[in-house]
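Heads up, start_29.tsv below (TSV, C-alpha atoms):
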```tsv
chain	number	residue	atom	x	y	z
A	25	MET	CA	-30.29	48.28	-5.94
A	26	ASN	CA	-27.41	50.69	-6.65
A	27	LEU	CA	-24.75	48.82	-8.62
A	28	ASN	CA	-22.09	51.53	-8.31
A	29	MET	CA	-18.92	49.63	-7.48
A	30	ASN	CA	-16.62	52.66	-7.08
A	31	SER	CA	-16.24	52.39	-3.32
A	32	MET	CA	-15.50	49.60	-0.87
A	33	GLU	CA	-18.61	50.51	1.09
A	34	SER	CA	-20.88	49.87	-1.88
A	35	LEU	CA	-18.97	46.67	-2.57
A	36	VAL	CA	-19.69	45.35	0.93
A	37	ALA	CA	-23.35	46.36	0.52
A	38	GLN	CA	-23.54	44.40	-2.74
A	39	ILE	CA	-22.00	41.34	-1.07
A	40	GLN	CA	-24.46	41.51	1.82
A	41	GLY	CA	-27.42	41.98	-0.50
A	42	LEU	CA	-26.57	39.41	-3.15
A	43	SER	CA	-25.61	36.34	-1.10
A	44	GLY	CA	-29.02	34.71	-0.87
A	45	SER	CA	-30.41	32.91	-3.92
A	46	ILE	CA	-28.37	31.19	-6.62
A	47	ALA	CA	-29.31	33.91	-9.13
A	48	ASP	CA	-28.15	36.64	-6.74
A	49	VAL	CA	-24.86	34.88	-6.05
A	50	ASN	CA	-24.23	34.50	-9.80
A	51	GLN	CA	-24.91	38.21	-10.27
A	52	LEU	CA	-22.57	39.01	-7.38
A	53	HIS	CA	-19.88	36.84	-8.99
A	54	SER	CA	-20.04	38.92	-12.18
A	55	LEU	CA	-19.75	42.14	-10.17
A	56	LEU	CA	-16.82	40.86	-8.14
A	57	LYS	CA	-14.92	39.86	-11.28
A	58	GLN	CA	-15.38	43.41	-12.57
A	59	SER	CA	-13.98	44.81	-9.30
A	60	GLU	CA	-10.53	43.18	-9.41
A	61	ASP	CA	-8.82	46.56	-9.95
A	62	LEU	CA	-10.70	48.05	-7.00
A	63	PHE	CA	-9.41	45.29	-4.71
A	64	GLN	CA	-5.82	45.96	-5.73
A	65	SER	CA	-6.10	49.72	-5.28
A	66	GLU	CA	-7.71	49.42	-1.83
A	67	LEU	CA	-5.56	46.66	-0.29
A	68	ALA	CA	-4.94	48.63	2.91
A	69	ARG	CA	-8.68	48.93	3.59
A	70	LEU	CA	-9.73	45.36	2.87
A	71	ALA	CA	-8.94	43.54	6.13
A	72	PRO	CA	-11.33	45.56	8.35
A	73	LEU	CA	-14.17	44.93	5.88
A	74	LEU	CA	-14.07	41.19	6.63
A	75	THR	CA	-15.53	41.88	10.07
A	76	GLU	CA	-18.71	43.14	8.37
A	77	LEU	CA	-19.23	39.85	6.52
A	78	ASP	CA	-20.31	36.41	7.69
A	79	PRO	CA	-18.11	33.77	5.99
A	80	SER	CA	-20.89	31.17	6.16
A	81	ILE	CA	-23.41	33.45	4.38
A	82	HIS	CA	-21.27	35.82	2.30
A	83	SER	CA	-18.72	33.15	1.31
A	84	LEU	CA	-18.10	34.32	-2.26
A	85	GLY	CA	-17.57	37.98	-1.40
A	86	TYR	CA	-15.52	37.07	1.67
A	87	LEU	CA	-13.34	34.86	-0.55
A	88	TYR	CA	-12.59	37.65	-3.03
A	89	ILE	CA	-11.61	40.07	-0.27
A	90	LEU	CA	-9.58	37.45	1.62
A	91	GLU	CA	-7.73	36.45	-1.55
A	92	ALA	CA	-6.78	40.07	-2.17
A	93	CYS	CA	-5.66	40.48	1.46
A	94	THR	CA	-3.39	37.43	1.29
A	95	SER	CA	-1.79	38.49	-2.00
A	96	ALA	CA	0.41	41.08	-0.28
A	97	PRO	CA	3.69	40.00	1.37
A	98	ILE	CA	3.42	39.58	5.13
A	99	SER	CA	5.88	39.16	7.98
A	100	LYS	CA	6.24	36.05	10.11
A	101	ASP	CA	4.50	37.90	12.98
A	102	GLU	CA	1.47	38.62	10.76
A	103	ALA	CA	1.39	35.04	9.47
A	104	ASN	CA	-0.15	33.72	12.71
A	105	GLU	CA	-3.16	36.03	12.41
A	106	LEU	CA	-3.56	35.16	8.73
A	107	VAL	CA	-3.54	31.44	9.49
A	108	LEU	CA	-6.32	31.88	12.05
A	109	SER	CA	-8.44	33.95	9.64
A	110	VAL	CA	-8.09	31.55	6.71
A	111	ALA	CA	-8.69	28.45	8.87
A	112	ARG	CA	-11.92	30.03	10.20
A	113	PHE	CA	-13.07	30.86	6.66
A	114	ILE	CA	-12.34	27.36	5.36
A	115	ASN	CA	-14.36	25.79	8.16
A	116	LEU	CA	-17.37	28.10	7.77
A	117	CYS	CA	-17.60	28.87	4.04
A	118	ALA	CA	-20.40	27.49	1.85
A	119	ALA	CA	-19.05	24.96	-0.67
A	120	GLU	CA	-21.56	25.90	-3.39
A	121	GLN	CA	-20.34	29.51	-3.31
A	122	ILE	CA	-16.58	28.98	-3.23
A	123	ARG	CA	-16.86	26.53	-6.15
A	124	LEU	CA	-17.92	29.47	-8.33
A	125	ALA	CA	-14.39	30.86	-7.92
A	126	PRO	CA	-12.18	27.77	-7.50
A	127	ASP	CA	-8.99	29.56	-8.56
A	128	LYS	CA	-9.46	32.15	-5.79
A	129	PHE	CA	-10.15	29.45	-3.20
A	130	ILE	CA	-7.13	27.40	-4.30
A	131	SER	CA	-4.93	30.50	-4.15
A	132	VAL	CA	-6.03	31.26	-0.57
A	133	CYS	CA	-5.50	27.64	0.53
A	134	LYS	CA	-2.03	27.43	-1.01
A	135	ARG	CA	-0.99	30.65	0.72
A	136	PHE	CA	-2.41	29.23	3.94
A	137	LYS	CA	-0.24	26.12	3.45
A	138	ASP	CA	2.82	28.31	2.82
A	139	GLN	CA	2.20	30.27	6.02
A	140	VAL	CA	1.86	27.23	8.31
A	141	MET	CA	5.12	25.98	6.83
A	142	LEU	CA	6.70	29.40	7.42
A	143	LEU	CA	5.57	29.17	11.05
A	144	GLU	CA	7.06	25.63	11.18
A	145	ASP	CA	3.76	24.36	12.57
A	146	PRO	CA	2.29	22.09	9.85
A	147	MET	CA	-0.08	20.45	12.34
A	148	ARG	CA	-2.24	23.60	12.24
A	149	GLY	CA	-2.81	23.10	8.53
A	150	VAL	CA	-3.93	19.46	8.51
A	151	ALA	CA	-7.63	19.79	9.47
A	152	PRO	CA	-8.33	23.02	7.48
A	153	MET	CA	-6.67	21.64	4.31
A	154	LEU	CA	-8.69	18.42	4.53
A	155	THR	CA	-11.88	20.47	4.89
A	156	ALA	CA	-10.82	22.69	1.99
A	157	LEU	CA	-10.23	19.89	-0.50
A	158	ARG	CA	-13.49	18.17	0.47
A	159	LYS	CA	-15.42	21.40	-0.13
A	160	LEU	CA	-13.65	21.97	-3.45
A	161	GLN	CA	-14.30	18.42	-4.69
A	162	LEU	CA	-17.40	17.83	-6.80
A	163	SER	CA	-17.09	14.12	-6.00
A	164	SER	CA	-14.68	11.81	-4.16
A	165	GLU	CA	-13.44	10.60	-7.57
A	166	GLN	CA	-11.98	14.02	-8.41
A	167	LEU	CA	-8.31	14.87	-7.77
A	168	THR	CA	-7.99	18.56	-6.86
A	169	THR	CA	-4.84	20.63	-6.89
A	170	LEU	CA	-5.13	20.77	-3.07
A	171	HIS	CA	-4.65	17.01	-2.66
A	172	PRO	CA	-0.82	17.12	-2.96
A	173	ASP	CA	-0.61	20.13	-0.62
A	174	PHE	CA	-2.71	18.35	1.99
A	175	LEU	CA	-0.57	15.19	1.79
A	176	LEU	CA	2.62	17.28	2.08
A	177	ILE	CA	1.25	18.95	5.23
A	178	CYS	CA	0.38	15.50	6.64
A	179	LEU	CA	3.92	14.28	5.93
A	180	LEU	CA	5.53	17.27	7.62
A	181	ALA	CA	3.18	16.95	10.61
A	182	LYS	CA	3.61	13.14	10.67
A	183	CYS	CA	-0.19	12.78	10.57
A	184	TYR	CA	-0.02	9.69	8.38
A	185	LYS	CA	-3.41	8.26	9.39
A	186	THR	CA	-5.17	11.48	8.41
A	187	GLY	CA	-3.43	11.41	5.05
A	188	LEU	CA	-4.57	7.84	4.49
A	189	SER	CA	-8.21	8.98	4.65
A	190	ILE	CA	-8.05	10.50	1.15
A	191	LEU	CA	-5.86	7.74	-0.30
A	192	GLU	CA	-8.76	5.31	0.12
A	193	ASP	CA	-10.73	7.16	-2.58
A	194	ASP	CA	-10.63	5.82	-6.14
A	195	ILE	CA	-9.51	8.70	-8.38
A	196	PHE	CA	-10.85	8.88	-11.95
A	197	GLU	CA	-10.78	12.63	-12.70
A	198	VAL	CA	-7.41	14.39	-12.99
A	199	ASP	CA	-6.97	17.95	-14.29
A	200	GLN	CA	-3.22	18.53	-14.02
A	201	PRO	CA	-0.60	15.77	-14.50
A	202	ARG	CA	1.72	17.38	-11.93
A	203	ASP	CA	-1.02	17.11	-9.27
A	204	PHE	CA	-1.32	13.39	-10.03
A	205	PHE	CA	2.45	12.83	-9.84
A	206	LEU	CA	2.71	14.61	-6.48
A	207	TYR	CA	-0.45	13.00	-5.10
A	208	CYS	CA	0.89	9.51	-5.79
A	209	TYR	CA	4.42	10.36	-4.61
A	210	TYR	CA	3.37	11.94	-1.31
A	211	GLY	CA	0.70	9.27	-0.89
A	212	GLY	CA	3.32	6.57	-1.32
A	213	MET	CA	5.47	8.19	1.36
A	214	ILE	CA	2.53	8.33	3.76
A	215	CYS	CA	1.82	4.63	3.18
A	216	ILE	CA	5.50	3.90	3.85
A	217	GLY	CA	5.19	5.80	7.12
A	218	GLN	CA	2.28	3.54	8.06
A	219	LYS	CA	4.13	0.45	6.73
A	220	LYS	CA	1.34	-0.14	4.21
A	221	PHE	CA	3.88	-1.23	1.63
A	222	SER	CA	1.42	-2.81	-0.81
A	223	LYS	CA	-0.50	0.46	-1.22
A	224	ALA	CA	2.79	2.40	-1.34
A	225	LEU	CA	3.96	0.21	-4.23
A	226	GLU	CA	0.71	0.84	-6.09
A	227	LEU	CA	1.01	4.63	-5.76
A	228	LEU	CA	4.72	4.79	-6.61
A	229	HIS	CA	4.09	2.46	-9.57
A	230	ASN	CA	1.50	4.96	-10.84
A	231	VAL	CA	4.13	7.72	-10.83
A	232	VAL	CA	6.73	5.64	-12.67
A	233	THR	CA	4.34	4.35	-15.36
A	234	ALA	CA	2.28	7.53	-15.88
A	235	PRO	CA	2.46	9.10	-19.37
A	236	MET	CA	5.30	11.64	-19.66
A	237	SER	CA	7.04	13.30	-22.58
A	238	ILE	CA	10.17	14.17	-20.59
A	239	LEU	CA	11.58	12.58	-17.45
A	240	ASN	CA	10.69	14.57	-14.35
A	241	ALA	CA	12.31	14.70	-10.90
A	242	ILE	CA	9.19	13.34	-9.19
A	243	ALA	CA	9.32	10.14	-11.25
A	244	VAL	CA	13.03	9.69	-10.53
A	245	GLU	CA	12.57	10.01	-6.75
A	246	ALA	CA	9.46	7.80	-6.87
A	247	TYR	CA	11.42	5.09	-8.71
A	248	LYS	CA	14.18	5.09	-6.08
A	249	LYS	CA	11.57	4.54	-3.37
A	250	TYR	CA	9.74	2.00	-5.55
A	251	ILE	CA	12.88	-0.17	-5.70
A	252	LEU	CA	13.39	-0.02	-1.93
A	253	VAL	CA	9.74	-0.71	-1.10
A	254	SER	CA	9.75	-3.64	-3.55
A	255	LEU	CA	12.72	-5.11	-1.71
A	256	ILE	CA	10.96	-4.65	1.65
A	257	HIS	CA	7.57	-5.99	0.58
A	258	LEU	CA	8.45	-8.55	-2.11
A	259	GLY	CA	12.09	-9.32	-1.39
A	260	GLN	CA	13.00	-8.49	-4.99
A	261	PHE	CA	12.44	-5.97	-7.75
A	262	SER	CA	12.27	-6.16	-11.52
A	263	ILE	CA	14.25	-3.88	-13.83
A	264	SER	CA	11.69	-4.41	-16.60
A	265	PHE	CA	8.74	-2.06	-17.01
A	266	PRO	CA	5.13	-2.74	-18.05
A	267	LYS	CA	4.39	-2.14	-21.74
A	268	TYR	CA	2.24	0.90	-20.96
A	269	THR	CA	5.21	2.73	-19.35
A	270	SER	CA	6.37	5.71	-21.41
A	271	SER	CA	9.48	5.14	-23.53
A	272	VAL	CA	11.12	8.12	-21.78
A	273	ALA	CA	10.79	6.43	-18.38
A	274	GLN	CA	11.94	3.06	-19.68
A	275	ARG	CA	15.08	4.53	-21.23
A	276	ASN	CA	16.17	6.72	-18.33
A	277	LEU	CA	15.02	5.06	-15.11
A	278	LYS	CA	17.05	1.89	-15.67
A	279	ASN	CA	20.12	3.91	-14.68
A	280	PHE	CA	18.79	3.99	-11.11
A	281	SER	CA	18.08	0.27	-10.78
A	282	GLN	CA	21.50	-1.09	-9.88
A	283	VAL	CA	21.28	-4.57	-8.41
A	284	MET	CA	21.89	-4.45	-4.64
A	285	CYS	CA	24.34	-7.19	-3.76
A	286	GLU	CA	25.96	-7.28	-0.31
A	287	LEU	CA	23.29	-4.88	0.86
A	288	GLU	CA	24.78	-3.84	4.20
A	289	THR	CA	28.14	-3.08	2.55
A	290	CYS	CA	26.28	-1.04	-0.04
A	291	VAL	CA	24.47	0.92	2.70
A	292	LEU	CA	27.72	1.74	4.49
A	293	ALA	CA	29.48	2.72	1.28
A	294	ASN	CA	26.63	4.94	0.08
A	295	ASN	CA	25.41	6.21	3.45
A	296	GLU	CA	25.77	9.90	2.53
A	297	LYS	CA	24.03	9.46	-0.84
A	298	PHE	CA	21.06	7.68	0.73
A	299	GLU	CA	20.86	10.38	3.40
A	300	PHE	CA	21.00	13.12	0.76
A	301	ASP	CA	18.09	11.45	-1.09
A	302	LYS	CA	16.27	11.12	2.28
A	303	ASN	CA	16.02	7.37	1.72
A	304	LEU	CA	18.39	6.20	4.48
A	305	GLY	CA	15.56	5.15	6.82
A	306	LEU	CA	13.93	3.19	4.01
A	307	VAL	CA	17.23	1.52	3.13
A	308	LYS	CA	17.69	0.39	6.74
A	309	GLN	CA	14.19	-1.13	6.59
A	310	VAL	CA	15.29	-3.02	3.47
A	311	VAL	CA	18.20	-4.53	5.42
A	312	SER	CA	15.86	-5.52	8.25
A	313	SER	CA	13.32	-6.98	5.80
A	314	MET	CA	16.00	-9.23	4.28
A	315	TYR	CA	16.57	-10.84	7.65
A	316	LYS	CA	12.82	-11.28	8.08
A	317	ARG	CA	12.42	-12.80	4.65
A	318	ASN	CA	15.20	-15.30	5.36
A	319	ILE	CA	13.47	-16.25	8.62
A	320	GLN	CA	10.19	-16.72	6.71
A	321	ARG	CA	11.97	-19.14	4.36
A	322	LEU	CA	13.01	-21.23	7.37
A	323	THR	CA	9.33	-21.76	8.28
A	324	GLN	CA	8.86	-23.59	4.96
A	325	THR	CA	11.61	-26.09	5.83
A	326	TYR	CA	11.66	-26.59	9.59
A	327	LEU	CA	9.06	-27.28	12.29
A	328	THR	CA	11.43	-26.41	15.14
A	329	LEU	CA	14.74	-24.59	15.21
A	330	SER	CA	16.93	-23.07	17.92
A	331	LEU	CA	17.41	-19.32	18.11
A	332	GLN	CA	21.15	-19.81	17.68
A	333	ASP	CA	20.60	-21.81	14.49
A	334	ILE	CA	18.32	-19.08	13.18
A	335	ALA	CA	20.98	-16.46	13.96
A	336	ASN	CA	23.66	-18.51	12.18
A	337	THR	CA	21.49	-19.23	9.12
A	338	VAL	CA	20.31	-15.66	8.47
A	339	GLN	CA	23.65	-14.15	9.59
A	340	LEU	CA	22.52	-12.29	12.69
A	341	ASN	CA	25.01	-11.42	15.42
A	342	SER	CA	23.45	-13.41	18.28
A	343	ALA	CA	20.58	-15.60	19.42
A	344	LYS	CA	19.19	-12.60	21.32
A	345	GLU	CA	19.00	-10.57	18.10
A	346	ALA	CA	17.30	-13.51	16.37
A	347	GLU	CA	14.77	-13.67	19.21
A	348	MET	CA	13.93	-9.95	18.78
A	349	HIS	CA	13.35	-10.44	15.05
A	350	VAL	CA	11.15	-13.52	15.60
A	351	LEU	CA	9.08	-11.80	18.32
A	352	GLN	CA	8.52	-8.75	16.12
A	353	MET	CA	7.47	-10.95	13.19
A	354	ILE	CA	5.01	-12.87	15.40
A	355	GLN	CA	3.56	-9.56	16.63
A	356	ASP	CA	3.19	-8.26	13.06
A	357	GLY	CA	1.54	-11.50	11.92
A	358	GLU	CA	4.34	-12.26	9.46
A	359	ILE	CA	4.97	-15.73	10.91
A	360	TYR	CA	3.15	-18.00	13.36
A	361	ALA	CA	5.45	-19.45	16.00
A	362	THR	CA	6.09	-19.95	19.71
A	363	ILE	CA	9.40	-19.56	21.58
A	364	ASN	CA	10.38	-21.84	24.45
A	365	GLN	CA	12.40	-19.56	26.72
A	366	LYS	CA	13.94	-22.48	28.61
A	367	ASP	CA	15.76	-24.18	25.77
A	368	GLY	CA	15.69	-21.35	23.23
A	369	MET	CA	13.74	-23.38	20.68
A	370	VAL	CA	11.31	-21.87	18.16
A	371	ARG	CA	8.32	-23.91	17.00
A	372	PHE	CA	6.80	-22.80	13.71
A	373	LEU	CA	3.00	-23.12	13.38
A	374	GLU	CA	0.46	-23.15	10.54
A	375	ASP	CA	-1.60	-20.07	9.66
A	376	PRO	CA	-4.67	-20.24	11.97
A	377	GLU	CA	-6.89	-18.37	9.50
A	378	GLN	CA	-9.54	-20.72	8.07
A	379	TYR	CA	-11.16	-18.04	5.83
A	380	LYS	CA	-14.66	-18.82	7.09
A	381	SER	CA	-15.22	-16.20	9.79
A	382	CYS	CA	-17.88	-13.50	9.37
A	383	GLU	CA	-15.19	-10.82	9.26
A	384	MET	CA	-13.30	-12.58	6.46
A	385	ILE	CA	-16.50	-13.13	4.45
A	386	GLU	CA	-17.32	-9.42	4.78
A	387	ARG	CA	-13.83	-8.51	3.56
A	388	ILE	CA	-14.11	-10.80	0.55
A	389	ASP	CA	-17.58	-9.46	-0.27
A	390	SER	CA	-16.32	-5.88	0.03
A	391	SER	CA	-13.45	-6.64	-2.38
A	392	ILE	CA	-15.83	-8.25	-4.88
A	393	GLN	CA	-18.17	-5.22	-4.73
A	394	ARG	CA	-15.27	-2.83	-5.30
A	395	ILE	CA	-14.01	-4.84	-8.30
A	396	MET	CA	-17.52	-4.84	-9.79
A	397	MET	CA	-17.73	-1.07	-9.32
A	398	LEU	CA	-14.33	-0.56	-10.97
A	399	SER	CA	-15.39	-2.80	-13.85
A	400	ARG	CA	-18.53	-0.71	-14.44
A	401	LYS	CA	-16.50	2.48	-14.23
A	402	LEU	CA	-13.97	1.15	-16.74
A	403	THR	CA	-16.76	0.20	-19.14
A	404	ASP	CA	-18.28	3.71	-18.87
A	405	MET	CA	-14.88	5.33	-19.48
A	406	ASP	CA	-14.26	3.08	-22.48
A	407	GLU	CA	-17.62	4.09	-23.99
A	408	LEU	CA	-16.88	7.79	-23.44
A	409	LEU	CA	-13.44	7.43	-25.01
A	410	SER	CA	-14.82	5.61	-28.05
A	411	CYS	CA	-17.06	8.65	-28.73
A	412	ASP	CA	-14.39	11.29	-28.08
A	413	PRO	CA	-13.72	13.33	-31.26
A	414	LEU	CA	-10.01	13.80	-30.49
A	415	TYR	CA	-9.50	10.07	-29.94
A	416	LEU	CA	-11.43	9.17	-33.11
A	417	ALA	CA	-9.42	11.67	-35.15
A	418	LYS	CA	-6.11	10.27	-33.85
A	419	ALA	CA	-7.27	6.68	-34.36
A	420	GLY	CA	-8.25	7.56	-37.93
A	421	ARG	CA	-4.80	9.01	-38.63
A	422	GLU	CA	-3.12	5.89	-37.23
A	423	ARG	CA	-5.21	3.64	-39.51
A	424	GLN	CA	-4.16	5.61	-42.59
A	425	ARG	CA	-0.52	4.68	-41.93
A	426	PHE	CA	-1.28	1.07	-42.85
A	427	ASP	CA	-2.54	-0.50	-46.03
A	428	PHE	CA	-4.16	-3.88	-46.44
A	429	ASP	CA	-1.44	-4.78	-48.95
A	430	ASP	CA	1.10	-4.54	-46.11
A	431	PHE	CA	-0.36	-7.64	-44.46
A	432	ASP	CA	-0.01	-11.27	-45.50
A	433	THR	CA	-3.11	-12.89	-46.90
A	434	VAL	CA	-4.84	-15.65	-44.91
A	435	PRO	CA	-3.62	-19.12	-46.00
A	436	SER	CA	-6.21	-20.79	-48.21
A	437	LYS	CA	-6.69	-23.74	-45.91
A	438	PHE	CA	-7.97	-21.36	-43.22
A	439	THR	CA	-10.36	-19.54	-45.56
A	440	ILE	CA	-13.95	-19.86	-44.41
```
Could you show the structure in this file as structure tokens?
Amino acid sequence: MNLNMNSMESLVAQIQGLSGSIADVNQLHSLLKQSEDLFQSELARLAPLLTELDPSIHSLGYLYILEACTSAPISKDEANELVLSVARFINLCAAEQIRLAPDKFISVCKRFKDQVMLLEDPMRGVAPMLTALRKLQLSSEQLTTLHPDFLLICLLAKCYKTGLSILEDDIFEVDQPRDFFLYCYYGGMICIGQKKFSKALELLHNVVTAPMSILNAIAVEAYKKYILVSLIHLGQFSISFPKYTSSVAQRNLKNFSQVMCELETCVLANNEKFEFDKNLGLVKQVVSSMYKRNIQRLTQTYLTLSLQDIANTVQLNSAKEAEMHVLQMIQDGEIYATINQKDGMVRFLEDPEQYKSCEMIERIDSSIQRIMMLSRKLTDMDELLSCDPLYLAKAGRERQRFDFDDFDTVPSKFTI
């Protein structure tokens, strides 16, 4: 076969002829890498060539040409056509081919994300970006650089349930720290949108306690939301950090953890600041959660209580407002109670769950299986780390800083 790559026509012929076996595709990859200058010099002629290729068969060659096409600036009018072309390619391309050139594929997908945002239509990017990251992943345990972009698109499109689908994966492989920070931050915001506050706390906690040499803006914003979500979900927050938190975070983040006394007054006084941080909605949920938590405390003391008494105790404006809070809490499963509409009395009940249904047993078994899997994974990672040359070298240097003479001897009465 003629390997002359001096014309776009011969390039297309090479792509069509070398997209079959693995060996052919690897050979094509080498040729395409050598043709980078040709792509740049023939930008105007590239787009029509895509019609001669099948993205499901000639995925690697199609990717190289598409990446070159998208590298040039385009107008908002041209963006719509580009979005359609890239979405079609993402859906049809062969994963085993595009993984040979992950940087090219990532570049195309990020430009696709930028264009749907330029068109102010993030909904169009949700399904293609999910498909893209799944095709790029070698396993569900891998965090790709497309994960944060996908979650951002989901946030902008308010497709929180779709975003949750990737947050259920246990991530063990991370390439870039920034991707991890953004993945956990955006993921936390999606969980907040779905009122899954426990999972949101877990993700935001990961951002705050992740290793960092300098404080970054993502960690600061995550910590602000972490405080608010803690107040909603737990009714309190701690200004102390776990021991594994970086010293940089421990020193600097405490400045943002002012104790919130007289919460409603604080909200009114700092309304503009909360709105600037885009946390005003979350702060209002904190206020609402305080009322709910005070109502929950009443269930531990009283069997029956009037709506007016509830309003007076938790400082609500009226019995009607207390009734709305109680009804919402019953609907959400936060308390178990009945309301007598005639006399306005609330009767608090015990939790009906007996933890012996088939569904509950399945949930418990599923949790046990997941914990066992995580335990095995942790053991495997520990074994790999104990054999890592870089870790062993650092551990050896740390040992040399100490001398046995620096330690007290064992008292004689404890000598074996």
Would you kindly return, as a PyMOL selection string, each protein, DNA or RNA residue with an atom no farther than 9 Å from any atom of Pro146 in chain A, considering all atoms listed in the file and excluding same-chain residues fewer than 6 positions away?
chain A and resi 137+140+177-181
Nearest residue to Asp193 in chain A out of A:Ser312, A:Thr323, A:Ser164, A:Gln393, using all atoms listed in the file?
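Between A:Ser312, A:Thr323, A:Ser164, A:Gln393, the residue approaching Asp193 in chain A most closely is A:Ser164.
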Name the residues, using the chain letters and numbers of the file, that sit within 10 Å of (-9.6, 48.0, 0.4) when counting only C-alpha atoms, and give them as a list of chain:residue names.
A:Ser31, A:Met32, A:Glu33, A:Leu35, A:Leu62, A:Phe63, A:Gln64, A:Ser65, A:Glu66, A:Leu67, A:Ala68, A:Arg69, A:Leu70, A:Ala71, A:Pro72, A:Leu73, A:Ile89, A:Ala92, A:Cys93
Export of the given selection (C-alpha atoms) as an mmCIF file, in the frame of the given file:
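Below is the file out.cif, written as the result:
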```cif
data_model
loop_
_atom_site.group_PDB
_atom_site.id
_atom_site.type_symbol
_atom_site.label_atom_id
_atom_site.label_comp_id
_atom_site.auth_asym_id
_atom_site.auth_seq_id
_atom_site.Cartn_x
_atom_site.Cartn_y
_atom_site.Cartn_z
ATOM 1 C CA SER A 31 -16.240 52.390 -3.320
ATOM 2 C CA MET A 32 -15.500 49.600 -0.870
ATOM 3 C CA GLU A 33 -18.610 50.510 1.090
ATOM 4 C CA LEU A 35 -18.970 46.670 -2.570
ATOM 5 C CA LEU A 62 -10.700 48.050 -7.000
ATOM 6 C CA PHE A 63 -9.410 45.290 -4.710
ATOM 7 C CA GLN A 64 -5.820 45.960 -5.730
ATOM 8 C CA SER A 65 -6.100 49.720 -5.280
ATOM 9 C CA GLU A 66 -7.710 49.420 -1.830
ATOM 10 C CA LEU A 67 -5.560 46.660 -0.290
ATOM 11 C CA ALA A 68 -4.940 48.630 2.910
ATOM 12 C CA ARG A 69 -8.680 48.930 3.590
ATOM 13 C CA LEU A 70 -9.730 45.360 2.870
ATOM 14 C CA ALA A 71 -8.940 43.540 6.130
ATOM 15 C CA PRO A 72 -11.330 45.560 8.350
ATOM 16 C CA LEU A 73 -14.170 44.930 5.880
ATOM 17 C CA ILE A 89 -11.610 40.070 -0.270
ATOM 18 C CA ALA A 92 -6.780 40.070 -2.170
ATOM 19 C CA CYS A 93 -5.660 40.480 1.460
#
```
Box dimensions and centre (Å, one decimal) enclosing range 387-393 of chain A, axis-aligned, 8 Å extra per side, as AutoDock Vina command-line options:
```
--center_x -15.8 --center_y -8.0 --center_z -0.7 --size_x 20.7 --size_y 21.6 --size_z 24.4
```
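When CA of Lys302 in chain A is paired with CA of Gln355 in chain A, their separation reads 28.2 Å.
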Measuring atom to atom with only C-alpha atoms, identify which of A:Lys297, A:His171, A:Lys344, A:Lys100 is nearest to Ile130 in chain A.
A:His171
Could you write range 111-122 of chain A as a compact mmCIF listing (two decimals), keeping the file's coordinate frame, with N, CA and C atoms rebuilt where they are missing?
```
# COMPACT_ATOMS: atom_id res chain seq x y z
N ALA A 111 -8.16 29.71 8.32
CA ALA A 111 -8.69 28.45 8.87
C ALA A 111 -10.16 28.62 9.24
N ARG A 112 -10.52 29.77 9.83
CA ARG A 112 -11.92 30.03 10.20
C ARG A 112 -12.80 30.09 8.95
N PHE A 113 -12.30 30.76 7.90
CA PHE A 113 -13.07 30.86 6.66
C PHE A 113 -13.29 29.50 6.03
N ILE A 114 -12.23 28.69 5.96
CA ILE A 114 -12.34 27.36 5.36
C ILE A 114 -13.40 26.52 6.07
N ASN A 115 -13.41 26.59 7.38
CA ASN A 115 -14.36 25.79 8.16
C ASN A 115 -15.80 26.25 8.00
N LEU A 116 -16.01 27.56 7.78
CA LEU A 116 -17.37 28.10 7.77
C LEU A 116 -17.94 28.33 6.37
N CYS A 117 -17.12 28.46 5.36
CA CYS A 117 -17.60 28.87 4.04
C CYS A 117 -18.56 27.84 3.43
N ALA A 118 -19.43 28.34 2.55
CA ALA A 118 -20.40 27.49 1.85
C ALA A 118 -19.75 26.94 0.58
N ALA A 119 -19.74 25.60 0.45
CA ALA A 119 -19.05 24.96 -0.67
C ALA A 119 -19.62 25.40 -2.01
N GLU A 120 -20.95 25.55 -2.11
CA GLU A 120 -21.56 25.90 -3.39
C GLU A 120 -21.16 27.30 -3.85
N GLN A 121 -20.78 28.18 -2.92
CA GLN A 121 -20.34 29.51 -3.31
C GLN A 121 -18.86 29.55 -3.71
N ILE A 122 -18.03 28.91 -2.91
CA ILE A 122 -16.58 28.98 -3.23
C ILE A 122 -16.26 28.22 -4.51
```
